[in-house]
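Visitor: Dropping a structure here in structure tokens format, bear with me for questions.
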Amino acid sequence: MDVGVIGVGTMGKNHVRVYSELKSVDTVHVFDVNTAGARAIGEQHGAVVHSAIAGLLDAVDAVSVCVPTPLHTSVVREVFRQKRSVLIEKPLAATAAEATELMRSAPPGIVIGVGHIERFNPIVGEIKKIIRNPLYVEMKRHNPASARVTGSTVVEDLMIHDIDILLTLFCEPAELHSAGTADVCSVLMKCENLPVSLSASRKSSKKIRMIYIEEEDFTIEGDFMAQEVTIYRKPGQYQFEAERYVQENIIEKVMVNRLEPLKRELGTFIDCVSENSPFPITPDQAISNLKVCERILADLN
């Protein structure tokens, strides 16, 4: 199968690299308005460079769209006109309304997926197996400032990953209260009777990607970067020794099969195209993520 990548910025370069490593991909094709950048990444990974999107689409069976979010709609419409299967990097579009309108123009018979990459982090599947009746959930996603991010707030840029996990593992928030700025945001939500706290920052000096879940008998901690999950069982005993509080915990390290989430995501996309089966992250789910983002941003203003 021949695959294309439209847009070879930070994320697009990674798509080209991973596609070039997949045995199920024959030739990788690339296009970017930055011709020199496209040529450089093409030479690095043995990809065919195109001077126009139309030429790339004529040559491929499926394509990743990795252009800046404001350009998603125009580029994806061109992909739809050529009836090519497409993986669109998150967020699906600039707004939920724009994304909904875009999907109305989708032709039948193609695979359409959205690149909410953290869903493919192996700790998500492991945590899904463990949770029973969560009493409290907290997720943090803090980053140093990045020059690659333009035209979006920290909510659509970073927090949207944890919103996707929230809607996948738990439920949609019935109510929420947010505080912050375009670069730092904290949200307290209520999902049915479950309190959920989300925070995201582009001003941190420390990179954090974590999830914390409390249940009646145990607590779960997950690190998305290290791909580690730890379970803390309730203490076998509480006591005071020499005027100090002492507790004995049972700590379990969950065995996680560590994988590169992007390789897992793109491999799944190619399999779905080959089998003409739905991609696990659908446009409807991506639109739901955007709607929660918009509720958070509306509460900020």
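Ordering of the structure tokens sets the chain letters (A, B, ...); residue numbers start at 1 within each chain; ligands are numbered from 1 in the order shown.
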Return as a JSON list (two decimals) with C-alpha atoms, in the first residue's frame the full set of residues in stretch 54-230 of chain A whose backbone-based DSSP assignment is helix (DSSP H, G or I).
Guide:
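The new file selection.json reads:
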```json
[["chain", "number", "residue", "atom", "x", "y", "z"],
["A", 54, "ALA", "CA", -3.40, 16.51, -6.26],
["A", 55, "GLY", "CA", -0.34, 14.62, -7.51],
["A", 56, "LEU", "CA", 0.19, 12.99, -4.14],
["A", 57, "LEU", "CA", -3.45, 11.88, -3.92],
["A", 58, "ASP", "CA", -3.25, 10.31, -7.38],
["A", 59, "ALA", "CA", -0.35, 8.16, -6.18],
["A", 69, "THR", "CA", -5.56, 22.92, 12.33],
["A", 70, "PRO", "CA", -6.93, 25.99, 10.49],
["A", 71, "LEU", "CA", -6.06, 24.25, 7.19],
["A", 72, "HIS", "CA", -7.67, 20.88, 8.02],
["A", 73, "THR", "CA", -11.00, 21.61, 6.37],
["A", 74, "SER", "CA", -9.64, 22.74, 3.00],
["A", 75, "VAL", "CA", -7.09, 19.92, 2.77],
["A", 76, "VAL", "CA", -9.46, 17.17, 3.94],
["A", 77, "ARG", "CA", -12.11, 18.31, 1.46],
["A", 78, "GLU", "CA", -9.56, 17.79, -1.32],
["A", 79, "VAL", "CA", -8.82, 14.31, 0.05],
["A", 80, "PHE", "CA", -12.55, 13.55, 0.14],
["A", 81, "ARG", "CA", -12.94, 14.65, -3.49],
["A", 96, "ALA", "CA", -17.03, 21.27, 16.48],
["A", 97, "ALA", "CA", -19.42, 22.95, 14.03],
["A", 98, "GLU", "CA", -16.73, 23.10, 11.34],
["A", 99, "ALA", "CA", -15.85, 19.45, 11.94],
["A", 100, "THR", "CA", -19.50, 18.40, 11.72],
["A", 101, "GLU", "CA", -19.95, 20.27, 8.44],
["A", 102, "LEU", "CA", -16.72, 18.78, 7.08],
["A", 103, "MET", "CA", -17.86, 15.23, 7.80],
["A", 104, "ARG", "CA", -21.07, 15.81, 5.85],
["A", 117, "ILE", "CA", -2.59, 9.45, 19.77],
["A", 118, "GLU", "CA", -2.80, 8.96, 23.54],
["A", 119, "ARG", "CA", -5.64, 6.47, 23.04],
["A", 120, "PHE", "CA", -2.95, 4.17, 21.63],
["A", 122, "PRO", "CA", -0.60, 0.96, 26.14],
["A", 123, "ILE", "CA", -1.32, 2.18, 29.68],
["A", 124, "VAL", "CA", -4.85, 3.20, 28.64],
["A", 125, "GLY", "CA", -5.82, -0.39, 27.88],
["A", 126, "GLU", "CA", -4.23, -1.63, 31.10],
["A", 127, "ILE", "CA", -6.04, 0.96, 33.22],
["A", 128, "LYS", "CA", -9.33, 0.10, 31.51],
["A", 129, "LYS", "CA", -8.91, -3.50, 32.73],
["A", 130, "ILE", "CA", -8.29, -2.37, 36.33],
["A", 154, "VAL", "CA", -3.69, 24.82, 25.77],
["A", 155, "VAL", "CA", -7.14, 23.21, 25.87],
["A", 156, "GLU", "CA", -7.22, 22.17, 22.19],
["A", 157, "ASP", "CA", -3.46, 21.61, 22.13],
["A", 158, "LEU", "CA", -2.85, 19.50, 25.25],
["A", 159, "MET", "CA", -5.93, 19.02, 27.42],
["A", 160, "ILE", "CA", -7.87, 17.52, 24.52],
["A", 161, "HIS", "CA", -5.80, 14.32, 24.93],
["A", 162, "ASP", "CA", -7.10, 13.86, 28.47],
["A", 163, "ILE", "CA", -10.62, 14.81, 27.44],
["A", 164, "ASP", "CA", -10.46, 11.95, 24.93],
["A", 165, "ILE", "CA", -9.28, 9.57, 27.68],
["A", 166, "LEU", "CA", -12.03, 10.85, 29.99],
["A", 167, "LEU", "CA", -14.77, 10.18, 27.44],
["A", 168, "THR", "CA", -13.26, 6.79, 26.56],
["A", 169, "LEU", "CA", -12.71, 5.38, 30.07]]
```
Visitor: Near A:Gly222, within 8 Å and counting only C-alpha atoms, which residues show up once chain neighbours fewer than 2 positions away are dropped, as a tab-separated table (two decimals) with N, CA and C atoms, in the first residue's frame?
Guide:
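Resulting contents of selection.tsv:
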```
chain	number	residue	atom	x	y	z
A	123	ILE	N	-0.81	2.13	28.31
A	123	ILE	CA	-1.32	2.18	29.68
A	123	ILE	C	-2.83	2.41	29.71
A	127	ILE	N	-5.22	0.31	32.21
A	127	ILE	CA	-6.04	0.96	33.22
A	127	ILE	C	-7.51	0.59	33.03
A	210	MET	N	0.24	12.50	33.39
A	210	MET	CA	-0.14	11.53	34.41
A	210	MET	C	-1.66	11.40	34.56
A	211	ILE	N	-2.06	10.24	35.08
A	211	ILE	CA	-3.45	9.99	35.44
A	211	ILE	C	-3.45	9.35	36.83
A	212	TYR	N	-4.41	9.76	37.64
A	212	TYR	CA	-4.50	9.31	39.04
A	212	TYR	C	-5.97	8.97	39.31
A	220	ILE	N	-4.78	4.06	41.60
A	220	ILE	CA	-4.01	3.80	40.38
A	220	ILE	C	-3.26	5.06	39.99
A	224	PHE	N	2.03	8.45	31.38
A	224	PHE	CA	1.91	8.25	29.94
A	224	PHE	C	3.27	8.24	29.25
A	227	GLN	N	5.13	5.06	30.38
A	227	GLN	CA	4.26	3.92	30.12
A	227	GLN	C	4.30	2.94	31.30
A	228	GLU	N	4.03	3.50	32.48
A	228	GLU	CA	4.03	2.72	33.72
A	228	GLU	C	2.70	2.90	34.44
A	229	VAL	N	2.23	1.81	35.05
A	229	VAL	CA	1.02	1.84	35.86
A	229	VAL	C	1.34	1.20	37.21
A	230	THR	N	0.98	1.90	38.28
A	230	THR	CA	1.22	1.40	39.63
A	230	THR	C	-0.11	1.38	40.39
```
Visitor: Using only C-alpha atoms, which of the listed residues (A:Ile251, A:Ala36, A:Leu198, A:Ile281) sits closest to A:Leu266?
Guide: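 Closest to A:Leu266 of all the choices is A:Ile281.
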Visitor: Choose the residue, out of A:Val8, A:Cys272, A:Val114, A:Leu22, that has the smallest atom-to-atom separation from A:Gly37; count only C-alpha atoms.
Guide: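 When distances to A:Gly37 are compared using only C-alpha atoms, the smallest one comes from A:Val8.
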Visitor: Nearest to A:Met11 among A:Ala52, A:Ala62, A:Val28, A:Lys90, with distances taken over only C-alpha atoms: which residue is it?
Guide: A:Lys90
Visitor: Considering only C-alpha atoms, state which residue in the set A:Ser24, A:Ser64, A:Ser277, A:Thr35 is at the smallest distance from A:His50.
Guide: A:Thr35
Visitor: Residues within 10 Å of A:Gly9, please, as a PyMOL selection string. Count only C-alpha atoms; anything in the same chain fewer than 6 positions from it doesn't count.
Guide: chain A and resi 15+32+34+37-38+41+66-68+148
Visitor: Where in stretch 17-242 of chain A does DSSP assign strand (DSSP E), given as a PyMOL selection string?
Guide: chain A and resi 28-31+48-49+62-65+85-89+112-115+136-142+175-180+184-191+194-201+208-214+218-223+228-233+238-241
Visitor: Need the shell around A:Ser201: protein/DNA/RNA residues with any atom at most 8 Å away, counting only C-alpha atoms. Skip same-chain ones fewer than 5 positions apart. Format as a VMD selection string?
Guide: chain A and resid 141 to 144 154 158 183 to 185
Visitor: Find the residue from A:Val16, A:Asp223, A:Val254, A:Pro195 that sits nearest to A:Ala40; use only C-alpha atoms when measuring.
Guide: A:Val16
Visitor: Grab the atom CA of A:Val65 to atom CA of A:Glu21 distance for me, in Å with one decimal place.
Guide: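 Atom CA of A:Glu21 lies at a distance of 18.4 Å from atom CA of A:Val65.
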Visitor: Mind pulling up the distance from atom CA of A:Arg84 to atom CA of A:Arg39?
Guide: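 Separating atom CA of A:Arg39 from atom CA of A:Arg84 is a distance of 23.3 Å.
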Visitor: Could you tell me how far atom CA of A:Gly267 lies from atom CA of A:Lys13, in Å and to one decimal?
Guide: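 Straight-line distance from atom CA of A:Gly267 to atom CA of A:Lys13 works out to 16.0 Å.
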Visitor: Would you list the contacts of A:Leu300 as a list in words, taking every protein, DNA or RNA residue within 7 Å and counting only C-alpha atoms, but skipping same-chain residues closer than 5 positions in sequence?
Guide: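 Residues meeting the cut-off are Ser178, Ala179 and Gly180 of chain A.
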Visitor: Limited to C-alpha atoms, could you put the picked residues into a file as a tab-separated table (two decimals), in the first residue's frame?
Guide:
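Printed below is selection-v3.tsv as written:
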```
chain	number	residue	atom	x	y	z
A	178	SER	CA	-12.70	26.09	34.45
A	179	ALA	CA	-10.13	28.71	35.31
A	180	GLY	CA	-6.96	29.91	33.62
```
